[in-house]
Each structure stands twice: as structure tokens, then as C-alpha cells.
$ cat my_file_27.pdb   # PDB, C-alpha atoms
ATOM      1  CA  MET A 118      -2.515  34.421 -14.203
ATOM      2  CA  ASN A 119      -4.853  32.706 -11.759
ATOM      3  CA  VAL A 120      -2.718  31.386  -8.882
ATOM      4  CA  LEU A 121      -5.133  28.518  -8.254
ATOM      5  CA  ILE A 122      -4.823  27.300 -11.873
ATOM      6  CA  LEU A 123      -1.051  27.491 -11.599
ATOM      7  CA  ALA A 124      -0.994  25.609  -8.266
ATOM      8  CA  THR A 125      -3.313  22.863  -9.557
ATOM      9  CA  SER A 126      -1.311  22.435 -12.756
ATOM     10  CA  TYR A 127       1.951  22.165 -10.794
ATOM     11  CA  THR A 128       0.524  19.536  -8.431
ATOM     12  CA  PHE A 129      -0.195  17.337 -11.483
ATOM     13  CA  GLU A 130       3.455  17.639 -12.556
ATOM     14  CA  PHE A 131       4.681  17.102  -8.995
ATOM     15  CA  THR A 132       2.520  14.030  -8.382
ATOM     16  CA  PHE A 133       3.522  12.568 -11.763
ATOM     17  CA  ILE A 134       7.243  12.949 -10.997
ATOM     18  CA  CYS A 135       6.852  11.515  -7.472
ATOM     19  CA  MET A 136       4.959   8.481  -8.808
ATOM     20  CA  VAL A 137       7.726   7.815 -11.364
ATOM     21  CA  ALA A 138      10.371   8.152  -8.625
ATOM     22  CA  ALA A 139       8.455   5.799  -6.299
ATOM     23  CA  SER A 140       8.079   3.209  -9.095
ATOM     24  CA  PHE A 141      11.841   3.264  -9.718
ATOM     25  CA  TYR A 142      12.481   2.997  -5.967
ATOM     26  CA  PHE A 143      10.391  -0.167  -5.581
ATOM     27  CA  ILE A 144      12.221  -1.822  -8.476
ATOM     28  CA  LEU A 145      15.738  -0.679  -7.549
ATOM     29  CA  GLU A 146      15.377  -1.650  -3.872
ATOM     30  CA  ARG A 147      13.878  -5.042  -4.698
ATOM     31  CA  TYR A 148      17.181  -6.780  -3.864
ATOM     32  CA  LYS A 149      16.578  -6.050  -0.138
ATOM     33  CA  LEU A 150      13.673  -8.504  -0.094
ATOM     34  CA  SER A 151      13.828 -12.255   0.276
ATOM     35  CA  ASP A 152      12.262 -14.388  -2.470
ATOM     36  CA  LYS A 153       9.094 -14.818  -0.399
ATOM     37  CA  TYR A 154       8.508 -11.064  -0.164
ATOM     38  CA  LYS A 155       9.582  -9.995  -3.667
ATOM     39  CA  ILE A 156       5.903  -9.958  -4.603
ATOM     40  CA  ILE A 157       5.464  -6.965  -2.244
ATOM     41  CA  SER A 158       7.872  -4.995  -4.414
ATOM     42  CA  SER A 159       5.914  -6.011  -7.536
ATOM     43  CA  LEU A 160       2.556  -5.013  -6.005
ATOM     44  CA  ALA A 161       3.941  -1.695  -4.713
ATOM     45  CA  PHE A 162       5.405  -1.030  -8.166
ATOM     46  CA  LEU A 163       2.056  -1.798  -9.815
ATOM     47  CA  THR A 164       0.261   0.637  -7.501
ATOM     48  CA  THR A 165       2.506   3.563  -8.394
ATOM     49  CA  ALA A 166       3.034   2.533 -12.043
ATOM     50  CA  LEU A 167      -0.727   2.596 -12.665
ATOM     51  CA  ALA A 168      -0.756   6.101 -11.195
ATOM     52  CA  VAL A 169       2.105   7.066 -13.537
ATOM     53  CA  ILE A 170      -0.044   6.074 -16.547
ATOM     54  CA  GLU A 171      -3.023   7.970 -15.115
ATOM     55  CA  TYR A 172      -1.052  11.152 -14.442
ATOM     56  CA  TYR A 173       0.748  10.917 -17.790
ATOM     57  CA  LYS A 174      -2.654  10.899 -19.489
ATOM     58  CA  MET A 175      -3.986  13.705 -17.303
ATOM     59  CA  HIS A 176      -1.063  16.074 -16.882
ATOM     60  CA  SER A 177      -1.248  17.249 -20.508
ATOM     61  CA  PHE A 178      -4.967  17.888 -20.108
ATOM     62  CA  PHE A 179      -4.356  19.853 -16.936
ATOM     63  CA  SER A 180      -1.791  22.233 -18.423
ATOM     64  CA  VAL A 181      -2.176  25.892 -17.463
ATOM     65  CA  GLU A 182      -3.721  26.720 -20.875
ATOM     66  CA  ALA A 183      -6.260  23.895 -20.724
ATOM     67  CA  LEU A 184      -7.262  24.688 -17.144
ATOM     68  CA  SER A 185      -7.961  28.307 -18.079
ATOM     69  CA  VAL A 186     -10.765  27.247 -20.451
ATOM     70  CA  LYS A 187     -14.162  27.626 -18.823
ATOM     71  CA  ASN A 188     -16.807  24.864 -19.009
ATOM     72  CA  ASN A 189     -14.102  22.302 -19.717
ATOM     73  CA  ARG A 190     -15.193  18.790 -18.713
ATOM     74  CA  TYR A 191     -12.443  17.165 -16.693
ATOM     75  CA  PRO A 192     -11.482  13.527 -17.432
ATOM     76  CA  THR A 193     -12.528  12.274 -13.999
ATOM     77  CA  GLU A 194     -13.045   8.825 -15.547
ATOM     78  CA  PHE A 195      -9.245   8.361 -15.678
ATOM     79  CA  ARG A 196      -9.061   8.722 -11.899
ATOM     80  CA  TYR A 197     -11.861   6.265 -11.223
ATOM     81  CA  ILE A 198     -10.516   3.673 -13.675
ATOM     82  CA  THR A 199      -7.096   3.861 -11.995
ATOM     83  CA  TRP A 200      -8.619   3.725  -8.513
ATOM     84  CA  LEU A 201     -10.586   0.646  -9.555
ATOM     85  CA  SER A 202      -7.370  -1.151 -10.471
ATOM     86  CA  ALA A 203      -4.836   0.365  -8.019
ATOM     87  CA  THR A 204      -6.732   0.426  -4.701
ATOM     88  CA  PRO A 205      -7.473  -3.344  -4.638
ATOM     89  CA  ILE A 206      -3.740  -3.925  -5.131
ATOM     90  CA  MET A 207      -2.952  -1.504  -2.267
ATOM     91  CA  LEU A 208      -5.379  -3.232   0.064
ATOM     92  CA  PHE A 209      -4.232  -6.700  -1.017
ATOM     93  CA  ILE A 210      -0.554  -5.945  -0.242
ATOM     94  CA  PHE A 211      -1.163  -6.232   3.510
ATOM     95  CA  PHE A 212      -2.918  -9.585   3.155
ATOM     96  CA  VAL A 213       0.025 -10.952   1.165
ATOM     97  CA  LEU A 214       2.489  -9.481   3.668
ATOM     98  CA  SER A 215       0.788 -11.096   6.640
ATOM     99  CA  GLY A 216       0.001 -14.365   4.845
ATOM    100  CA  MET A 217      -3.704 -13.768   5.477
ATOM    101  CA  ASN A 218      -4.490 -13.972   1.763
ATOM    102  CA  LYS A 219      -4.654 -17.748   2.212
ATOM    103  CA  SER A 220      -6.196 -18.035   5.690
ATOM    104  CA  HIS A 221      -8.710 -15.130   5.493
ATOM    105  CA  LYS A 222     -10.131 -15.411   1.983
ATOM    106  CA  LYS A 223     -13.586 -14.183   3.054
ATOM    107  CA  THR A 224     -12.088 -11.029   4.582
ATOM    108  CA  VAL A 225     -10.108 -10.370   1.395
ATOM    109  CA  ILE A 226     -13.255 -10.740  -0.732
ATOM    110  CA  THR A 227     -15.235  -8.484   1.660
ATOM    111  CA  VAL A 228     -12.576  -5.746   1.627
ATOM    112  CA  LEU A 229     -12.217  -5.820  -2.166
ATOM    113  CA  THR A 230     -16.007  -5.816  -2.677
ATOM    114  CA  LEU A 231     -16.454  -2.859  -0.302
ATOM    115  CA  ASN A 232     -13.644  -1.057  -2.087
ATOM    116  CA  PHE A 233     -15.203  -1.715  -5.515
ATOM    117  CA  MET A 234     -18.623  -0.516  -4.344
ATOM    118  CA  MET A 235     -17.100   2.571  -2.692
ATOM    119  CA  ILE A 236     -15.470   3.657  -5.959
ATOM    120  CA  ILE A 237     -18.549   2.921  -8.099
ATOM    121  CA  PHE A 238     -20.856   4.864  -5.742
ATOM    122  CA  GLY A 239     -18.290   7.682  -5.620
ATOM    123  CA  TYR A 240     -18.211   7.846  -9.414
ATOM    124  CA  PHE A 241     -22.011   8.001  -9.715
ATOM    125  CA  SER A 242     -22.086  10.701  -7.036
ATOM    126  CA  GLU A 243     -19.433  12.819  -8.731
ATOM    127  CA  SER A 244     -20.567  12.367 -12.331
ATOM    128  CA  SER A 245     -24.263  12.973 -11.524
ATOM    129  CA  PHE A 246     -23.317  16.253  -9.854
ATOM    130  CA  SER A 247     -20.871  17.490 -12.502
ATOM    131  CA  ARG A 248     -23.096  16.542 -15.468
ATOM    132  CA  LYS A 249     -26.204  17.997 -13.785
ATOM    133  CA  ASN A 250     -28.319  15.222 -15.349
ATOM    134  CA  LEU A 251     -29.805  13.901 -12.090
ATOM    135  CA  ASN A 252     -31.125  15.640  -9.019
ATOM    136  CA  PHE A 253     -28.967  16.408  -5.976
ATOM    137  CA  ASP A 254     -30.736  13.803  -3.789
ATOM    138  CA  PHE A 255     -29.340  11.030  -6.017
ATOM    139  CA  THR A 256     -25.849  12.551  -5.699
ATOM    140  CA  ILE A 257     -26.103  12.619  -1.881
ATOM    141  CA  LEU A 258     -27.539   9.080  -1.773
ATOM    142  CA  MET A 259     -24.642   7.741  -3.843
ATOM    143  CA  PHE A 260     -22.187   9.657  -1.668
ATOM    144  CA  ALA A 261     -23.731   8.177   1.509
ATOM    145  CA  CYS A 262     -23.532   4.617   0.084
ATOM    146  CA  GLY A 263     -19.872   5.110  -0.861
ATOM    147  CA  PHE A 264     -19.172   6.601   2.563
ATOM    148  CA  LEU A 265     -20.693   3.550   4.302
ATOM    149  CA  CYS A 266     -18.511   1.223   2.215
ATOM    150  CA  TRP A 267     -15.453   3.227   3.296
ATOM    151  CA  LEU A 268     -16.542   2.919   6.959
ATOM    152  CA  GLY A 269     -16.690  -0.858   6.447
ATOM    153  CA  ILE A 270     -13.073  -0.907   5.230
ATOM    154  CA  VAL A 271     -12.096   1.358   8.153
ATOM    155  CA  TRP A 272     -13.703  -1.095  10.594
ATOM    156  CA  ILE A 273     -11.924  -4.105   9.077
ATOM    157  CA  TYR A 274      -8.514  -2.387   9.091
ATOM    158  CA  ASN A 275      -8.880  -0.813  12.558
ATOM    159  CA  PHE A 276     -10.687  -3.468  14.575
ATOM    160  CA  TYR A 277     -10.858  -6.817  12.798
ATOM    161  CA  LEU A 278      -7.370  -7.169  11.258
ATOM    162  CA  PRO A 279      -5.384  -6.030  14.373
ATOM    163  CA  LYS A 280      -7.244  -8.741  16.349
ATOM    164  CA  GLU A 281      -6.415 -11.374  13.743
ATOM    165  CA  VAL A 282      -2.769 -10.295  13.630
ATOM    166  CA  LYS A 283      -2.496 -10.975  17.390
ATOM    167  CA  LYS A 284      -3.355 -14.621  16.665
ATOM    168  CA  ILE A 285      -0.262 -15.080  14.464
ATOM    169  CA  LYS A 286       2.123 -17.334  16.368
ATOM    170  CA  ASN A 287       5.604 -16.573  15.054
ATOM    171  CA  SER A 288       8.327 -13.942  15.415
ATOM    172  CA  LYS A 289       7.024 -11.997  12.421
ATOM    173  CA  ARG A 290       3.894 -10.944  14.315
ATOM    174  CA  ILE A 291       5.525  -7.876  15.887
ATOM    175  CA  TYR A 292       6.398  -6.339  12.486
ATOM    176  CA  ILE A 293       3.040  -7.213  10.928
ATOM    177  CA  SER A 294       1.347  -5.631  13.949
ATOM    178  CA  LYS A 295       3.413  -2.438  13.527
ATOM    179  CA  CYS A 296       2.552  -2.395   9.836
ATOM    180  CA  ILE A 297      -1.220  -2.670  10.365
ATOM    181  CA  ASN A 298      -1.046   0.081  13.018
ATOM    182  CA  ILE A 299       0.288   2.490  10.384
ATOM    183  CA  LEU A 300      -1.896   1.233   7.521
ATOM    184  CA  ASN A 301      -5.100   1.698   9.511
ATOM    185  CA  LYS A 302      -4.183   5.382   9.913
ATOM    186  CA  PHE A 303      -3.795   5.622   6.127
ATOM    187  CA  VAL A 304      -7.228   4.094   5.654
ATOM    188  CA  VAL A 305      -8.792   6.517   8.168
ATOM    189  CA  TYR A 306      -7.017   9.847   7.622
ATOM    190  CA  GLY A 307      -5.464   9.353   4.198
ATOM    191  CA  TRP A 308      -8.608   7.973   2.576
ATOM    192  CA  ALA A 309     -10.810  10.567   4.318
ATOM    193  CA  ILE A 310      -9.259  13.080   1.909
ATOM    194  CA  TYR A 311     -11.316  11.651  -1.002
ATOM    195  CA  PRO A 312     -14.843  12.107   0.455
ATOM    196  CA  ILE A 313     -13.722  15.562   1.639
ATOM    197  CA  GLY A 314     -12.670  16.353  -1.948
ATOM    198  CA  LEU A 315     -16.056  15.183  -3.201
ATOM    199  CA  LEU A 316     -17.896  17.249  -0.573
ATOM    200  CA  ILE A 317     -15.822  20.289  -1.552
ATOM    201  CA  SER A 318     -16.931  19.881  -5.180
ATOM    202  CA  PHE A 319     -20.624  19.977  -4.096
ATOM    203  CA  TYR A 320     -20.188  23.675  -3.197
ATOM    204  CA  ASP A 321     -20.977  24.880  -6.745
ATOM    205  CA  HIS A 322     -20.133  24.268 -10.441
ATOM    206  CA  SER A 323     -17.485  27.004 -10.722
ATOM    207  CA  LEU A 324     -13.991  26.517 -12.168
ATOM    208  CA  GLU A 325     -12.384  27.266  -8.770
ATOM    209  CA  THR A 326     -14.371  24.513  -7.023
ATOM    210  CA  MET A 327     -13.464  21.955  -9.707
ATOM    211  CA  LEU A 328      -9.792  22.940  -9.422
ATOM    212  CA  MET A 329      -9.979  22.567  -5.653
ATOM    213  CA  ARG A 330     -11.334  19.033  -6.055
ATOM    214  CA  GLU A 331      -8.472  18.115  -8.416
ATOM    215  CA  LEU A 332      -5.994  19.612  -5.944
ATOM    216  CA  VAL A 333      -7.371  17.478  -3.095
ATOM    217  CA  TYR A 334      -7.344  14.310  -5.244
ATOM    218  CA  ASN A 335      -3.746  14.975  -6.352
ATOM    219  CA  PHE A 336      -2.506  15.338  -2.777
ATOM    220  CA  GLY A 337      -4.572  12.329  -1.727
ATOM    221  CA  ASP A 338      -3.105  10.132  -4.479
ATOM    222  CA  LEU A 339       0.417  11.352  -3.785
ATOM    223  CA  PHE A 340       0.465  10.550  -0.079
ATOM    224  CA  ASN A 341      -1.796   7.517  -0.030
ATOM    225  CA  LYS A 342      -0.397   5.517  -2.922
ATOM    226  CA  ILE A 343       3.271   6.204  -2.217
ATOM    227  CA  GLY A 344       2.900   6.169   1.594
ATOM    228  CA  PHE A 345       0.817   2.994   1.761
ATOM    229  CA  SER A 346       3.186   1.124  -0.574
ATOM    230  CA  LEU A 347       6.302   2.404   1.218
ATOM    231  CA  VAL A 348       5.076   1.249   4.638
ATOM    232  CA  CYS A 349       4.347  -2.235   3.259
ATOM    233  CA  PHE A 350       7.733  -2.286   1.513
ATOM    234  CA  PHE A 351       9.612  -1.299   4.719
ATOM    235  CA  CYS A 352       7.719  -3.981   6.623
ATOM    236  CA  ALA A 353       8.616  -6.556   3.947
ATOM    237  CA  VAL A 354      12.297  -5.578   4.258
ATOM    238  CA  LYS A 355      12.083  -6.218   8.012
ATOM    239  CA  LEU A 356      10.261  -9.517   7.539
ATOM    240  CA  SER A 357      12.891 -10.647   5.006
ATOM    241  CA  LYS A 358      15.546 -10.415   7.753
ATOM    242  CA  VAL A 359      13.563 -12.441  10.320
TER
ATOM    243  CA  MET B 275       0.883  19.855  24.178
ATOM    244  CA  LYS B 276       2.234  17.557  21.477
ATOM    245  CA  LEU B 277       1.420  18.292  17.837
ATOM    246  CA  ILE B 278       0.172  14.724  17.338
ATOM    247  CA  ASN B 279      -2.568  15.247  19.952
ATOM    248  CA  ILE B 280      -4.121  18.250  18.219
ATOM    249  CA  ALA B 281      -3.587  16.980  14.658
ATOM    250  CA  PRO B 282      -6.907  14.988  14.449
ATOM    251  CA  ILE B 283      -8.935  17.990  15.704
ATOM    252  CA  GLY B 284      -7.018  20.271  13.343
ATOM    253  CA  PHE B 285      -7.676  17.889  10.448
ATOM    254  CA  LEU B 286     -11.419  17.860  11.169
ATOM    255  CA  LEU B 287     -11.705  21.644  11.582
ATOM    256  CA  LEU B 288      -9.689  22.330   8.428
ATOM    257  CA  ALA B 289     -11.797  19.807   6.473
ATOM    258  CA  ILE B 290     -15.036  21.518   7.593
ATOM    259  CA  ALA B 291     -13.563  24.929   6.717
ATOM    260  CA  ALA B 292     -12.489  23.684   3.251
ATOM    261  CA  ILE B 293     -15.986  22.317   2.557
ATOM    262  CA  LEU B 294     -17.892  25.410   3.727
ATOM    263  CA  LEU B 295     -15.682  28.330   2.680
ATOM    264  CA  PRO B 296     -15.778  29.906  -0.814
ATOM    265  CA  LYS B 297     -13.249  28.261  -3.095
ATOM    266  CA  ASP B 298     -10.229  30.479  -3.617
ATOM    267  CA  ILE B 299      -6.467  30.391  -2.963
ATOM    268  CA  PHE B 300      -7.156  30.765   0.788
ATOM    269  CA  THR B 301      -9.125  27.498   0.731
ATOM    270  CA  ALA B 302      -6.267  25.875  -1.205
ATOM    271  CA  ILE B 303      -3.942  26.806   1.686
ATOM    272  CA  ILE B 304      -6.460  25.315   4.151
ATOM    273  CA  ILE B 305      -6.480  22.090   2.089
ATOM    274  CA  PHE B 306      -2.686  22.019   2.120
ATOM    275  CA  LEU B 307      -2.673  22.399   5.939
ATOM    276  CA  MET B 308      -5.314  19.659   6.192
ATOM    277  CA  ILE B 309      -3.082  17.279   4.206
ATOM    278  CA  ILE B 310      -0.117  18.217   6.417
ATOM    279  CA  SER B 311      -2.122  17.406   9.572
ATOM    280  CA  ALA B 312      -3.080  14.020   8.055
ATOM    281  CA  LEU B 313       0.599  13.400   7.306
ATOM    282  CA  ILE B 314       1.583  14.229  10.896
ATOM    283  CA  MET B 315      -0.943  11.709  12.201
ATOM    284  CA  ILE B 316       0.165   8.960   9.828
ATOM    285  CA  PHE B 317       3.925   9.400   9.777
ATOM    286  CA  SER B 318       4.366  10.025  13.512
ATOM    287  CA  SER B 319       4.545   6.231  13.874
ATOM    288  CA  VAL B 320       6.738   5.428  10.874
ATOM    289  CA  ASP B 321       9.920   5.389  13.030
ATOM    290  CA  LYS B 322       8.634   2.049  14.325
ATOM    291  CA  PHE B 323      10.578   0.487  11.450
ATOM    292  CA  ASP B 324      13.808   2.206  12.452
ATOM    293  CA  ASP B 325      16.676  -0.301  12.618
ATOM    294  CA  GLU B 326      18.640   1.421  15.389
ATOM    295  CA  ARG B 327      15.619   1.608  17.644
ATOM    296  CA  ASP B 328      15.015  -2.125  17.202
ATOM    297  CA  GLU B 329      18.590  -2.927  18.143
ATOM    298  CA  LYS B 330      18.318  -0.851  21.338
TER
END
$ encode --input "my_file_27.pdb" --output "C-alpha cells"
Amino acid sequence: MNVLILATSYTFEFTFICMVAASFYFILERYKLSDKYKIISSLAFLTTALAVIEYYKMHSFFSVEALSVKNNRYPTEFRYITWLSATPIMLFIFFVLSGMNKSHKKTVITVLTLNFMMIIFGYFSESSFSRKNLNFDFTILMFACGFLCWLGIVWIYNFYLPKEVKKIKNSKRIYISKCINILNKFVVYGWAIYPIGLLISFYDHSLETMLMRELVYNFGDLFNKIGFSLVCFFCAVKLSKV
Amino acid sequence: MKLINIAPIGFLLLAIAAILLPKDIFTAIIIFLMIISALIMIFSSVDKFDDERDEK
């Protein structure tokens, strides 16, 4: 038995179980939040619940038997469809938490547009490479465009939003500031895992390389979706007490 | 030297190694270590929400 196939298959099961557990957590711990911040619990639940549906659909496809079949086309579309719906929610949670969703509408629209473009460019890059229907220059161009969009989000979360948070004039500022200081690390290091996964898949068209990409995406989803939502949830718990 | 200080360099080196090396179980271990280094960088500041620390 190929150890890599086994490891990849188990990470699908593991991620699926963790996403279910996280979804239950956000619902069961909802009572800790004040009425104003209950929406954070709902958004965090949506983020992980969408991943539950995605992994439920995919984990049967990625069973050990299915992964052993050569030239099998992986349902990457599932991932991109879920990312299209889950990542805007993840990014929007902070704006709701800080109350900036009303005062910084242009920033919200910019972040969500960059996020949408990043995923679309990423999909074209990945699908053009795996289907071999376009030349490699197009794949790299799409990758570069997606990468630039990600850098835009990194800039907003690391430089623009911390500055804006400092302008908040109430006692909640300290917790919102702590929250953005953790979230910007997620956007830099956590989200860097995805372009790395895509670059790894450019190595060749072998089964091992495709499995490696799935492995990277599974770990990325696991830590980013649950971690990002948990940090926002903990911050909302703190803000509910202020 | 604290682990947090070398984690970003480790993350970068492991990422480059994962991209360039042939894809086998050894690369999977490199990827796992890369994720761990990312986790160290992110979660080293999570104790900021610790209740006891706030009270002190």
C-alpha cells in the first residue's frame, strides 16, 4: 500500500471530522456571546459548515481505493466552489466584529473583490495545468494574477486595517487590535499555504504530485478555516463582556 | 534562540524544499513541518485572549 495515498486519504477523514466538531462548537458555545455578537457565531458556523459539505462530498472520492486509480481527475471544482462561498464569510467576520462593515464599505468591497479574483485566477491556473489544454505561460500568468490579489489582501490586513483599528475610540479597541494582529498572521502564513500547494502541483502530472497538492490543501483548510473562525469567536466572547 | 524567531525562515525554506524536491513521502513530511512552522507563528500570540493574563 502506498503510504502517501494512505496519508492523503486519512487527512480527508481527519479534516472532515474536525470541521464537524468545529461547527458543533460554534453552535454550542453561542450562549457565551451577547446578542450583538451572536452573528459572529453564525458566520463562524457557516465557514466550517460549508467545509463539512465540501469534505463530505470529497472524502468518498478520496478513499484509498479511488486514490489508487491512475489518471483519475480530482474534483478540484468542489474546493473552489467552497472557497468562493466560505472565504468571503471568513474575511467579513472581522469587519462585523469591529463594526467596520458599516463605516468602511469600500474596504469591504475591495477585500471581497480581491478575494473573488484570487480564487478565480487560482482556478484557471490549476485547471489549465491539470487539463493540459493551454500552455504553461497561461498557467503562470493566472498564478501571478492570483498571487497579486492575495498580496493586496495581505496589505489591507497587515497595514491598512491595523491603522484604522487605532482610530476606534472605545474600550473595545484593545481586543479588536489583538484580534487583527492574529488574523493578519493567518492571512500571511496560513493563506501562503495555498499558492505553495499550487506551485507544488506544477512539478509534474504524476499521481504523487497531485496527492501532495491535496495534502497541502487539506492542512490549509483545516488550520485556516477553524483557526480564523476560532480567533474571531474568542474575540467576540471578550467583546461581549465589555 | 526562540522557536518563534526561526519559524518564518524555517517556513520559507521548507516551502522551497517542498516545491523543488521530487514528490514522495519525504516531501509529505516536509509539508507537515512547514504547516507546523506556520502554526507556531500564528498561535504564538493566541494567549493574548487569556482571561487570567488580562486580570493580572
$ closest_residue --input "my_file_27.pdb" --among "A:Ala261, A:Ile198, A:Val305, A:Leu347" --to "Met315 (chain B)" --atoms "all atoms listed in the file"
A:Val305
$ atom_distance --input "my_file_27.pdb" --atom1 "CA of Trp272 (chain A)" --atom2 "CA of Phe319 (chain A)"
26.6 Å
$ residues_around --input "my_file_27.pdb" --residues "Thr230 (chain A)" --least-positions-apart "5" --cutoff "10 Å" --atoms "all atoms listed in the file" --output "list in words"
Pro205, Thr224, Val225, Met235, Cys266 and Ile270 of chain A
$ interface_residues --input "my_file_27.pdb" --of "chain B" --to "chain A" --cutoff "10 Å" --atoms "only C-alpha atoms" --output "PDB file with C-alpha atoms, keeping the file's coordinate frame"
ATOM      1  CA  PRO B 282      -6.907  14.988  14.449  1.00  0.00           C
ATOM      2  CA  PHE B 285      -7.676  17.889  10.448  1.00  0.00           C
ATOM      3  CA  LEU B 286     -11.419  17.860  11.169  1.00  0.00           C
ATOM      4  CA  ALA B 289     -11.797  19.807   6.473  1.00  0.00           C
ATOM      5  CA  ILE B 290     -15.036  21.518   7.593  1.00  0.00           C
ATOM      6  CA  ALA B 291     -13.563  24.929   6.717  1.00  0.00           C
ATOM      7  CA  ALA B 292     -12.489  23.684   3.251  1.00  0.00           C
ATOM      8  CA  ILE B 293     -15.986  22.317   2.557  1.00  0.00           C
ATOM      9  CA  LEU B 294     -17.892  25.410   3.727  1.00  0.00           C
ATOM     10  CA  LEU B 295     -15.682  28.330   2.680  1.00  0.00           C
ATOM     11  CA  PRO B 296     -15.778  29.906  -0.814  1.00  0.00           C
ATOM     12  CA  LYS B 297     -13.249  28.261  -3.095  1.00  0.00           C
ATOM     13  CA  ASP B 298     -10.229  30.479  -3.617  1.00  0.00           C
ATOM     14  CA  ILE B 299      -6.467  30.391  -2.963  1.00  0.00           C
ATOM     15  CA  PHE B 300      -7.156  30.765   0.788  1.00  0.00           C
ATOM     16  CA  THR B 301      -9.125  27.498   0.731  1.00  0.00           C
ATOM     17  CA  ALA B 302      -6.267  25.875  -1.205  1.00  0.00           C
ATOM     18  CA  ILE B 305      -6.480  22.090   2.089  1.00  0.00           C
ATOM     19  CA  PHE B 306      -2.686  22.019   2.120  1.00  0.00           C
ATOM     20  CA  MET B 308      -5.314  19.659   6.192  1.00  0.00           C
ATOM     21  CA  ILE B 309      -3.082  17.279   4.206  1.00  0.00           C
ATOM     22  CA  ILE B 310      -0.117  18.217   6.417  1.00  0.00           C
ATOM     23  CA  SER B 311      -2.122  17.406   9.572  1.00  0.00           C
ATOM     24  CA  ALA B 312      -3.080  14.020   8.055  1.00  0.00           C
ATOM     25  CA  LEU B 313       0.599  13.400   7.306  1.00  0.00           C
ATOM     26  CA  MET B 315      -0.943  11.709  12.201  1.00  0.00           C
ATOM     27  CA  ILE B 316       0.165   8.960   9.828  1.00  0.00           C
ATOM     28  CA  PHE B 317       3.925   9.400   9.777  1.00  0.00           C
ATOM     29  CA  SER B 318       4.366  10.025  13.512  1.00  0.00           C
ATOM     30  CA  SER B 319       4.545   6.231  13.874  1.00  0.00           C
ATOM     31  CA  VAL B 320       6.738   5.428  10.874  1.00  0.00           C
ATOM     32  CA  LYS B 322       8.634   2.049  14.325  1.00  0.00           C
ATOM     33  CA  PHE B 323      10.578   0.487  11.450  1.00  0.00           C
ATOM     34  CA  ASP B 324      13.808   2.206  12.452  1.00  0.00           C
ATOM     35  CA  ASP B 325      16.676  -0.301  12.618  1.00  0.00           C
TER      36      ASP B 325
END
$ residues_around --input "my_file_27.pdb" --residues "Val359 (chain A)" --least-positions-apart "4" --cutoff "12 Å" --atoms "all atoms listed in the file" --output "list of chain:residue names"
A:Leu150, A:Ser151, A:Lys153, A:Tyr154, A:Asn287, A:Ser288, A:Lys289, A:Arg290, A:Ile291, A:Tyr292, A:Ile293, A:Cys352, A:Ala353, A:Val354, A:Lys355
$ closest_residue --input "my_file_27.pdb" --among "A:Met259, A:Ile134, A:Ile156, A:Leu231" --to "Ser244 (chain A)" --atoms "all atoms listed in the file"
A:Met259
$ atom_distance --input "my_file_27.pdb" --atom1 "CA of Phe345 (chain A)" --atom2 "CA of Glu331 (chain A)"
20.5 Å
$ atom_distance --input "my_file_27.pdb" --atom1 "CA of Ser140 (chain A)" --atom2 "CA of Glu243 (chain A)"
29.1 Å
$ residues_around --input "my_file_27.pdb" --residues "Ser126 (chain A)" --least-positions-apart "3" --cutoff "6 Å" --atoms "all atoms listed in the file" --output "VMD selection string"
chain A and resid 123 129 179 to 181
$ resolve_selection --input "my_file_27.pdb" --expression "the PyMOL selection byres ((chain A and resi 161) around 12)" --output "JSON, numbers by chain"
{"A": [136, 139, 140, 141, 142, 143, 144, 146, 147, 154, 155, 156, 157, 158, 159, 160, 162, 163, 164, 165, 166, 167, 168, 203, 204, 205, 206, 207, 208, 209, 210, 211, 213, 214, 341, 342, 343, 344, 345, 346, 347, 348, 349, 350, 351, 353]}
$ write_last_selection --input "my_file_27.pdb" --atoms "C-alpha atoms" --output "compact mmCIF listing (two decimals), in the coordinates of the input"
# COMPACT_ATOMS: atom_id res chain seq x y z
CA MET A 136 4.96 8.48 -8.81
CA ALA A 139 8.46 5.80 -6.30
CA SER A 140 8.08 3.21 -9.10
CA PHE A 141 11.84 3.26 -9.72
CA TYR A 142 12.48 3.00 -5.97
CA PHE A 143 10.39 -0.17 -5.58
CA ILE A 144 12.22 -1.82 -8.48
CA GLU A 146 15.38 -1.65 -3.87
CA ARG A 147 13.88 -5.04 -4.70
CA TYR A 154 8.51 -11.06 -0.16
CA LYS A 155 9.58 -9.99 -3.67
CA ILE A 156 5.90 -9.96 -4.60
CA ILE A 157 5.46 -6.96 -2.24
CA SER A 158 7.87 -5.00 -4.41
CA SER A 159 5.91 -6.01 -7.54
CA LEU A 160 2.56 -5.01 -6.00
CA PHE A 162 5.40 -1.03 -8.17
CA LEU A 163 2.06 -1.80 -9.82
CA THR A 164 0.26 0.64 -7.50
CA THR A 165 2.51 3.56 -8.39
CA ALA A 166 3.03 2.53 -12.04
CA LEU A 167 -0.73 2.60 -12.66
CA ALA A 168 -0.76 6.10 -11.20
CA ALA A 203 -4.84 0.36 -8.02
CA THR A 204 -6.73 0.43 -4.70
CA PRO A 205 -7.47 -3.34 -4.64
CA ILE A 206 -3.74 -3.92 -5.13
CA MET A 207 -2.95 -1.50 -2.27
CA LEU A 208 -5.38 -3.23 0.06
CA PHE A 209 -4.23 -6.70 -1.02
CA ILE A 210 -0.55 -5.94 -0.24
CA PHE A 211 -1.16 -6.23 3.51
CA VAL A 213 0.02 -10.95 1.16
CA LEU A 214 2.49 -9.48 3.67
CA ASN A 341 -1.80 7.52 -0.03
CA LYS A 342 -0.40 5.52 -2.92
CA ILE A 343 3.27 6.20 -2.22
CA GLY A 344 2.90 6.17 1.59
CA PHE A 345 0.82 2.99 1.76
CA SER A 346 3.19 1.12 -0.57
CA LEU A 347 6.30 2.40 1.22
CA VAL A 348 5.08 1.25 4.64
CA CYS A 349 4.35 -2.24 3.26
CA PHE A 350 7.73 -2.29 1.51
CA PHE A 351 9.61 -1.30 4.72
CA ALA A 353 8.62 -6.56 3.95
$ residues_around --input "my_file_27.pdb" --residues "Lys280 (chain A)" --least-positions-apart "3" --cutoff "12 Å" --atoms "only C-alpha atoms" --output "VMD selection string"
chain A and resid 272 to 277 283 to 285 290 293 to 294 297 to 298
$ axis_aligned_box --input "my_file_27.pdb" --around "region 305-313 of chain B" --padding-each-side "6 Å" --output "lines of an AutoDock Vina configuration file"
center_x = -2.9
center_y = 17.9
center_z = 5.8
size_x = 19.1
size_y = 21.0
size_z = 19.5
$ residues_around --input "my_file_27.pdb" --residues "Glu130 (chain A)" --least-positions-apart "3" --cutoff "9 Å" --atoms "all atoms listed in the file" --output "list in words"
Ser126, Tyr127, Phe133, Ile134, Cys135, Tyr172, Tyr173 and His176 of chain A
$ write_last_selection --input "my_file_27.pdb" --atoms "C-alpha atoms" --output "PDB file, in the frame of the given file"
ATOM      1  CA  SER A 126      -1.311  22.435 -12.756  1.00  0.00           C
ATOM      2  CA  TYR A 127       1.951  22.165 -10.794  1.00  0.00           C
ATOM      3  CA  PHE A 133       3.522  12.568 -11.763  1.00  0.00           C
ATOM      4  CA  ILE A 134       7.243  12.949 -10.997  1.00  0.00           C
ATOM      5  CA  CYS A 135       6.852  11.515  -7.472  1.00  0.00           C
ATOM      6  CA  TYR A 172      -1.052  11.152 -14.442  1.00  0.00           C
ATOM      7  CA  TYR A 173       0.748  10.917 -17.790  1.00  0.00           C
ATOM      8  CA  HIS A 176      -1.063  16.074 -16.882  1.00  0.00           C
TER       9      HIS A 176
END
